Every structure is written in C-alpha cells, then in structure tokens.
file final_39.cif (mmCIF, C-alpha atoms)
data_entry
loop_
_atom_site.label_atom_id
_atom_site.label_comp_id
_atom_site.auth_asym_id
_atom_site.auth_seq_id
_atom_site.Cartn_x
_atom_site.Cartn_y
_atom_site.Cartn_z
CA MET A 269 63.37 -141.10 -1.52
CA LYS A 270 63.99 -139.28 1.73
CA THR A 271 64.00 -141.47 4.80
CA LYS A 272 61.92 -140.56 7.84
CA THR A 273 63.36 -137.91 10.12
CA ARG A 274 63.68 -139.31 13.63
CA LEU A 275 62.11 -137.48 16.50
CA GLY A 276 64.54 -135.36 18.50
CA ARG A 277 66.10 -136.21 21.86
CA GLY A 278 63.86 -133.63 23.50
CA ILE A 279 60.91 -135.85 22.69
CA ASP A 280 61.85 -137.99 25.71
CA ALA A 281 60.70 -135.13 27.92
CA ILE A 282 57.25 -135.35 26.35
CA PHE A 283 56.56 -139.07 26.03
CA ALA A 284 56.75 -141.64 28.77
CA ASP A 285 57.55 -144.58 26.50
CA SER A 286 60.22 -144.97 23.83
CA LEU A 287 58.91 -145.02 20.29
CA HIS A 288 61.92 -146.90 18.93
CA ASP A 289 62.55 -149.75 21.38
CA ASP A 290 63.90 -153.15 20.40
CA SER A 291 60.47 -154.78 20.70
CA SER A 292 59.12 -152.83 17.75
CA GLN A 293 58.32 -155.14 14.86
CA ILE A 294 57.36 -154.22 11.33
CA ILE A 295 54.21 -155.94 10.08
CA GLU A 296 52.25 -155.51 6.86
CA ILE A 297 48.70 -154.23 7.33
CA PRO A 298 46.04 -154.10 4.57
CA SER A 299 45.59 -150.48 3.49
CA ASP A 300 41.82 -150.67 3.95
CA GLU A 301 42.34 -151.44 7.65
CA ILE A 302 44.32 -148.21 8.16
CA PHE A 303 42.79 -144.76 8.54
CA PRO A 304 44.28 -141.25 9.05
CA ASN A 305 44.31 -139.48 12.40
CA PRO A 306 41.37 -137.01 12.29
CA SER A 307 43.42 -134.58 14.39
CA GLN A 308 46.33 -134.63 11.93
CA PRO A 309 47.77 -131.07 11.94
CA ARG A 310 48.73 -131.21 8.28
CA LYS A 311 45.67 -130.41 6.20
CA THR A 312 47.00 -130.47 2.63
CA PHE A 313 49.44 -132.60 0.62
CA ASP A 314 51.27 -131.39 -2.48
CA GLU A 315 49.98 -133.55 -5.34
CA ASN A 316 53.22 -133.47 -7.35
CA SER A 317 55.34 -134.37 -4.32
CA LEU A 318 52.93 -137.18 -3.43
CA ALA A 319 53.08 -138.55 -6.98
CA GLU A 320 56.91 -138.51 -6.89
CA LEU A 321 56.91 -140.41 -3.60
CA ALA A 322 54.42 -142.93 -5.02
CA ASP A 323 56.70 -143.54 -8.03
CA SER A 324 59.66 -144.05 -5.69
CA ILE A 325 57.69 -146.54 -3.58
CA LYS A 326 56.72 -148.46 -6.72
CA ALA A 327 60.37 -148.72 -7.69
CA HIS A 328 62.03 -149.29 -4.30
CA GLY A 329 59.28 -150.11 -1.82
CA LEU A 330 58.47 -148.21 1.37
CA ILE A 331 61.81 -147.71 3.12
CA SER A 332 60.42 -146.27 6.36
CA PRO A 333 57.28 -147.91 7.85
CA ILE A 334 54.39 -145.87 9.17
CA LEU A 335 53.54 -145.75 12.89
CA VAL A 336 50.01 -146.82 13.87
CA ARG A 337 47.96 -147.82 16.90
CA ARG A 338 45.15 -150.35 17.06
CA THR A 339 41.63 -149.02 17.59
CA ASN A 340 39.05 -151.80 17.75
CA THR A 341 39.48 -153.73 14.47
CA ARG A 342 41.37 -151.04 12.53
CA TYR A 343 44.61 -149.05 12.80
CA GLU A 344 44.91 -145.29 13.22
CA ILE A 345 47.95 -143.52 11.78
CA ILE A 346 50.13 -141.82 14.37
CA ALA A 347 52.96 -140.79 12.05
CA GLY A 348 53.42 -141.23 8.30
CA GLU A 349 50.15 -140.21 6.65
CA ARG A 350 52.01 -138.84 3.61
CA ARG A 351 53.69 -142.23 3.11
CA TYR A 352 50.33 -143.93 3.60
CA GLN A 353 48.67 -141.75 0.97
CA ALA A 354 51.57 -142.35 -1.43
CA CYS A 355 51.31 -146.13 -0.91
CA LYS A 356 47.61 -146.02 -1.78
CA LEU A 357 48.42 -143.96 -4.87
CA ALA A 358 51.06 -146.53 -5.83
CA GLY A 359 48.55 -149.36 -5.46
CA ILE A 360 50.27 -150.94 -2.45
CA ARG A 361 47.73 -153.18 -0.72
CA ASN A 362 49.75 -154.11 2.38
CA ILE A 363 51.62 -151.28 4.08
CA PRO A 364 54.68 -151.87 6.31
CA SER A 365 53.76 -150.59 9.77
CA ILE A 366 54.90 -150.47 13.38
CA VAL A 367 52.06 -150.93 15.88
CA LYS A 368 52.31 -149.10 19.22
CA ASP A 369 50.00 -149.00 22.23
CA ILE A 370 49.82 -145.23 22.69
CA SER A 371 47.29 -142.99 24.46
CA ASP A 372 45.14 -140.42 22.66
CA SER A 373 47.22 -137.63 24.14
CA ASP A 374 50.60 -139.07 23.11
CA ALA A 375 49.30 -140.04 19.65
CA PHE A 376 48.28 -136.45 18.99
CA LYS A 377 51.57 -135.04 20.27
CA ILE A 378 53.60 -137.49 18.16
CA SER A 379 51.63 -136.51 15.06
CA LEU A 380 52.30 -132.84 15.74
CA VAL A 381 55.99 -133.26 16.41
CA GLU A 382 56.59 -135.55 13.43
CA ASN A 383 55.04 -133.02 11.07
CA LEU A 384 56.95 -130.15 12.66
CA GLN A 385 60.29 -131.92 12.35
CA ARG A 386 59.66 -132.93 8.74
CA GLU A 387 58.80 -129.29 7.94
CA ASP A 388 55.65 -130.48 6.17
CA LEU A 389 53.43 -127.75 7.61
CA ASN A 390 52.85 -124.26 6.25
CA PRO A 391 53.78 -121.39 8.65
CA MET A 392 50.24 -121.03 10.01
CA GLU A 393 49.77 -124.77 10.53
CA GLU A 394 53.14 -124.82 12.28
CA SER A 395 52.13 -121.96 14.59
CA GLU A 396 48.83 -123.70 15.39
CA ALA A 397 50.71 -126.94 16.14
CA PHE A 398 53.07 -125.14 18.53
CA TYR A 399 50.07 -123.49 20.12
CA THR A 400 48.38 -126.86 20.68
CA LEU A 401 51.51 -128.27 22.32
CA LYS A 402 51.66 -125.20 24.55
CA GLU A 403 48.01 -124.86 25.52
CA GLN A 404 46.66 -128.41 25.41
CA PHE A 405 49.75 -130.20 26.69
CA HIS A 406 51.21 -127.36 28.81
CA LEU A 407 54.67 -127.44 27.24
CA THR A 408 56.95 -124.42 27.60
CA HIS A 409 58.56 -122.73 24.62
CA GLN A 410 61.83 -124.42 25.61
CA ASP A 411 60.19 -127.88 25.83
CA ILE A 412 58.82 -127.46 22.29
CA ALA A 413 62.14 -126.14 20.98
CA GLU A 414 63.99 -129.20 22.29
CA ALA A 415 61.37 -131.61 20.96
CA VAL A 416 61.41 -130.26 17.40
CA GLN A 417 65.09 -129.26 17.38
CA LYS A 418 64.56 -125.55 16.80
CA ASP A 419 65.69 -122.42 18.64
CA ARG A 420 63.43 -121.17 21.42
CA SER A 421 63.19 -117.80 19.66
CA THR A 422 61.85 -119.59 16.56
CA ILE A 423 59.04 -121.09 18.64
CA THR A 424 58.22 -117.74 20.25
CA ASN A 425 58.17 -115.92 16.91
CA SER A 426 56.00 -118.61 15.34
CA LEU A 427 53.49 -118.45 18.21
CA ARG A 428 53.13 -114.70 17.67
CA LEU A 429 51.33 -115.52 14.42
CA MET A 430 48.40 -116.72 16.53
CA ASN A 431 47.75 -113.06 17.39
CA LEU A 432 46.95 -112.25 13.75
CA PRO A 433 43.37 -111.50 12.66
CA GLU A 434 41.70 -114.49 11.00
CA GLU A 435 41.82 -112.78 7.59
CA VAL A 436 45.63 -112.57 7.82
CA LYS A 437 45.91 -116.17 9.04
CA LYS A 438 43.85 -117.34 6.07
CA SER A 439 46.08 -115.44 3.63
CA LEU A 440 49.17 -117.00 5.21
CA ARG A 441 47.69 -120.51 5.01
CA GLU A 442 46.86 -120.01 1.35
CA GLY A 443 50.31 -118.64 0.52
CA LEU A 444 49.05 -115.18 -0.46
CA ILE A 445 51.51 -113.63 1.98
CA SER A 446 54.76 -114.82 3.57
CA THR A 447 55.71 -115.14 7.23
CA GLY A 448 57.70 -111.90 6.83
CA HIS A 449 54.58 -110.11 5.63
CA ALA A 450 52.62 -111.51 8.58
CA ARG A 451 55.21 -110.22 11.03
CA ALA A 452 55.01 -106.80 9.41
CA VAL A 453 51.25 -106.85 10.01
CA LEU A 454 51.92 -107.65 13.68
CA MET A 455 53.88 -104.40 13.94
CA ILE A 456 50.52 -102.60 13.83
CA ASP A 457 48.57 -102.77 17.09
CA ASN A 458 44.99 -102.36 15.84
CA TYR A 459 42.71 -104.56 13.76
CA HIS A 460 41.71 -102.04 11.08
CA GLY A 461 45.31 -101.01 10.49
CA GLN A 462 46.33 -104.67 10.17
CA ILE A 463 43.62 -105.41 7.63
CA ALA A 464 44.48 -102.26 5.68
CA LEU A 465 48.13 -103.34 5.45
CA LEU A 466 47.12 -106.89 4.44
CA THR A 467 45.03 -105.44 1.61
CA ARG A 468 47.97 -103.31 0.43
CA ILE A 469 50.40 -106.24 0.57
CA ILE A 470 48.18 -108.37 -1.66
CA SER A 471 46.83 -105.72 -4.03
CA GLN A 472 50.16 -103.93 -4.53
CA SER A 473 52.39 -107.02 -4.26
CA LEU A 474 54.49 -105.37 -1.55
CA SER A 475 57.79 -106.96 -0.64
CA VAL A 476 58.44 -107.80 3.00
CA ARG A 477 60.69 -104.77 3.33
CA GLU A 478 58.02 -102.51 1.82
CA ALA A 479 55.42 -103.96 4.17
CA GLU A 480 57.67 -103.39 7.18
CA LYS A 481 58.27 -99.79 6.10
CA ALA A 482 54.53 -99.22 5.69
CA ALA A 483 53.91 -100.61 9.18
CA SER A 484 56.76 -98.55 10.62
CA ASP A 485 55.53 -95.35 8.95
CA LYS A 486 52.10 -95.92 10.43
CA GLY A 487 53.60 -96.36 13.87
CA LYS A 488 55.62 -93.12 13.58
CA LYS A 489 52.40 -91.15 13.19
CA LYS A 490 51.53 -91.87 16.80
CA LYS A 491 52.55 -89.08 19.13
CA GLY A 492 53.73 -89.11 22.69
CA GLN A 493 55.35 -92.52 22.63
CA ARG A 494 57.44 -93.17 25.75
CA LYS A 495 60.79 -94.90 25.95
CA THR A 496 60.50 -98.57 26.83
CA ASP A 497 61.71 -99.95 30.17
CA PRO A 498 63.67 -103.25 29.90
CA TYR A 499 62.02 -104.55 33.08
CA PHE A 500 58.52 -104.01 31.75
CA GLU A 501 59.53 -105.33 28.33
CA GLU A 502 60.57 -108.59 30.00
CA LEU A 503 57.30 -108.76 31.95
CA SER A 504 55.40 -108.16 28.71
CA THR A 505 57.27 -110.99 27.00
CA LEU A 506 56.64 -113.44 29.86
CA LEU A 507 52.93 -112.63 29.95
CA ALA A 508 52.69 -112.83 26.16
CA GLU A 509 54.19 -116.34 26.23
CA LYS A 510 51.82 -117.39 28.99
CA LEU A 511 48.66 -115.97 27.40
CA GLY A 512 49.51 -116.47 23.73
CA ALA A 513 48.69 -112.83 22.96
CA LYS A 514 50.44 -109.49 22.64
CA VAL A 515 50.81 -107.96 26.10
CA THR A 516 52.12 -104.49 27.02
CA CYS A 517 53.12 -103.60 30.59
CA SER A 518 53.80 -99.96 31.47
CA TRP A 519 54.17 -97.71 34.53
CA GLY A 520 53.24 -94.07 34.99
CA LYS A 521 54.05 -91.74 37.90
CA SER A 522 52.19 -93.73 40.54
CA LYS A 523 50.44 -96.63 38.85
CA GLY A 524 50.77 -99.00 35.95
CA LYS A 525 48.68 -100.95 33.49
CA ILE A 526 48.68 -104.21 31.58
CA VAL A 527 47.16 -104.22 28.09
CA ILE A 528 46.26 -107.56 26.46
CA ASN A 529 45.54 -107.37 22.74
CA VAL A 530 43.07 -109.91 21.36
CA ALA A 531 42.37 -110.62 17.70
CA SER A 532 38.84 -111.98 18.09
CA ARG A 533 36.08 -112.82 20.55
CA ASP A 534 37.25 -116.44 20.54
CA ASP A 535 40.72 -115.25 21.48
CA LEU A 536 39.24 -113.21 24.34
CA GLN A 537 37.25 -116.22 25.53
CA ARG A 538 40.38 -118.40 25.48
CA ILE A 539 42.42 -115.92 27.54
CA VAL A 540 39.65 -115.45 30.11
CA GLN A 541 39.30 -119.22 30.49
CA GLY A 542 43.03 -119.48 31.07
CA LEU A 543 42.99 -116.74 33.71
CA PHE A 544 40.06 -118.28 35.58
CA GLN A 545 41.32 -121.87 35.14
CA HIS A 546 37.76 -123.08 34.60
CA GLU A 547 34.79 -122.34 32.36
CA SER A 548 34.72 -118.70 31.36
CA PRO A 549 32.11 -116.48 33.11
CA LEU A 550 31.52 -114.68 29.81
#
call {"tool": "encode", "arguments": {"input": "final_39.cif", "output": "structure tokens"}}
result
Amino acid sequence: MKTKTRLGRGIDAIFADSLHDDSSQIIEIPSDEIFPNPSQPRKTFDENSLAELADSIKAHGLISPILVRRTNTRYEIIAGERRYQACKLAGIRNIPSIVKDISDSDAFKISLVENLQREDLNPMEESEAFYTLKEQFHLTHQDIAEAVQKDRSTITNSLRLMNLPEEVKKSLREGLISTGHARAVLMIDNYHGQIALLTRIISQSLSVREAEKAASDKGKKKKGQRKTDPYFEELSTLLAEKLGAKVTCSWGKSKGKIVINVASRDDLQRIVQGLFQHESPL
C-alpha cells in the first residue's frame, strides 16, 4: 500500500502551525464518530482502487493515520478521506487518527493541497482547487506551485481551464475529453466555436493533435490579425492571472483596449465583484 505523501515545504507559507510536530499523537477513533469534510474537493473515488486499499488494510492495517479535527462531539476529516472510506469498507471500527486544532480556513486549504499532491483529482477538479486557493485564500500562482510541488507554468495552465464553457468542463470531469483536448478548445475565442469543436472531438473521436489543427484552421480564417507585442502579451498574462479569465491587451495608433473574455454570466459576476472589491452592482 502506498504511504501518505507529505505536504511540501511550501506549505509552511500557507499554514501558521506545523501539521507534523512532536506533540502529534495517534489515537483510535470509532468510525461512526468521524465524518467527511463537506468541502472536500475530490468528488469521486475509484471503486476498484478503494477495494484494493481496503484489502491491503485488512492484511496490514492502516499504515498512515488520517488527520481530523474535533467539532462538538464528532471528528471532521481534514486529510485522508480515501483511507477512511477504505477502512469502513474493510470493516475497521476504530480508525487511527491524528487530532489537530485547525481553523475552518486552514482545514479547507489542507484538504485541497493534500488531494493535489496525491494527484487524486481529475484535471477539472484540480483546476477548481487551484482556483479556490487563488481566489478564496489569495495565493499567487507561485505560492500554489511551491505548496503542491509543481511548476508555476503548470498552475497557470491548469487555471486556464476555468475559462472553458460549462459544457466543456463537464466533459473533462467525466473523462469524455482530455486536458489536451480542452486546451485545444481554448484556442478558439468564442463560445459557439468552442462548443462546435467539443462536439467534433466527441462525435469524431478526434485526437489532441487533430483537435489542435481544427482550432488552428478556424483561427486562420480570421483576417487582419496583427503581430503581437511582447509588452502587451505580458500585460495580458498578468491580468489573466489576476482575473482568472482570458485577457487581451492591444494598442492602436493613439489608443488601446483591454478585452476580458468570460465563459458565463457567473464568470462575469465574479470578475466584476473582484474589480469592485465588494458586492457587484450588477
């Protein structure tokens, strides 16, 4: 059985208290006194993988305890729900646990980071988790990269998936398309074109390369495209990271413009709220 992946060194920049100090003690808690975190970013568990883990726990016991916090008379899981579910499946009545006094905010962040480091999330769940760390907890792309031990570019590329139409996000969650397909869809800058390409990818079983070519061919049909300016490309990237949306900055003869692409009304509402820093006037 795989042992638990430890949180990265960058996690110290996120949490005030150490999660692995010497005072941590493992205790056994009745399974019926433990409940999952309702904000757990991971929504599905592979049944076969869970059954294999349950068999391993039956044979060798739970090697790595789960992390919980006390809430009234019960214990909420902070990290280790998969192990908890496998223990229940294996018929384990008392589950080895480490109890920590952690705030709501830190509990949620730990749950996100643990899942991200264990690579238990599908690409869309991962993007949504990064987005939560960025928007709700105001972490930069670099902060997140250090916490989950990934390259900054990986974080930025994953967050771009949040700009997809909901139909494409759903297909990615369900495994109907791959991350490569989703990025090909992002090459198209309008909703109807994106949905049309999604339909082709699924109905014609397009490879990622074929999807990219289809998106590129569509883009070549546009006339009058101007050469990009590195300065404005950098501005566009910075604004895109800040707003969590595709942004294009350009300059004409005497004036310029900033174009923010939104995938839905909810996305528009979110961006407006961020710009006004209080409840949206919309």
call {"tool": "residues_around", "arguments": {"input": "final_39.cif", "residues": "Glu501 in chain A", "least_positions_apart": "2", "cutoff": "12 Å", "atoms": "only C-alpha atoms", "output": "list in words"}}
result
Lys495, Thr496, Asp497, Pro498, Tyr499, Leu503, Ser504, Thr505, Leu506, Leu507, Ala508, Lys514, Val515, Thr516, Cys517, Ser518, Trp519 and Ile526 of chain A
call {"tool": "atom_distance", "arguments": {"input": "final_39.cif", "atom1": "CA of Lys481 in chain A", "atom2": "CA of Val527 in chain A"}}
result
25.0 Å
call {"tool": "atom_distance", "arguments": {"input": "final_39.cif", "atom1": "CA of Lys368 in chain A", "atom2": "CA of Arg337 in chain A"}}
result
5.1 Å
call {"tool": "resolve_selection", "arguments": {"input": "final_39.cif", "expression": "the PyMOL selection byres ((chain A and resi 539) around 10)", "output": "NGL selection string"}}
result
:A and (510-513 or 528 or 530 or 533-538 or 540-545 or 548)
call {"tool": "closest_residue", "arguments": {"input": "final_39.cif", "among": "A:Ala358, A:Ile297, A:Ala347, A:Ala479", "to": "Ala319 in chain A", "atoms": "only C-alpha atoms"}}
result
A:Ala358
call {"tool": "resolve_selection", "arguments": {"input": "final_39.cif", "expression": "the PyMOL selection byres ((chain A and resi 341) around 12)", "output": "PyMOL selection string"}}
result
chain A and resi 297-298+300-303+337-340+342-344
call {"tool": "write_last_selection", "arguments": {"input": "final_39.cif", "atoms": "C-alpha atoms", "output": "PDB file, in the coordinates of the input"}}
result
ATOM      1  CA  ILE A 297      48.700-154.230   7.330  1.00  0.00           C
ATOM      2  CA  PRO A 298      46.040-154.100   4.570  1.00  0.00           C
ATOM      3  CA  ASP A 300      41.820-150.670   3.950  1.00  0.00           C
ATOM      4  CA  GLU A 301      42.340-151.440   7.650  1.00  0.00           C
ATOM      5  CA  ILE A 302      44.320-148.210   8.160  1.00  0.00           C
ATOM      6  CA  PHE A 303      42.790-144.760   8.540  1.00  0.00           C
ATOM      7  CA  ARG A 337      47.960-147.820  16.900  1.00  0.00           C
ATOM      8  CA  ARG A 338      45.150-150.350  17.060  1.00  0.00           C
ATOM      9  CA  THR A 339      41.630-149.020  17.590  1.00  0.00           C
ATOM     10  CA  ASN A 340      39.050-151.800  17.750  1.00  0.00           C
ATOM     11  CA  ARG A 342      41.370-151.040  12.530  1.00  0.00           C
ATOM     12  CA  TYR A 343      44.610-149.050  12.800  1.00  0.00           C
ATOM     13  CA  GLU A 344      44.910-145.290  13.220  1.00  0.00           C
TER      14      GLU A 344
END
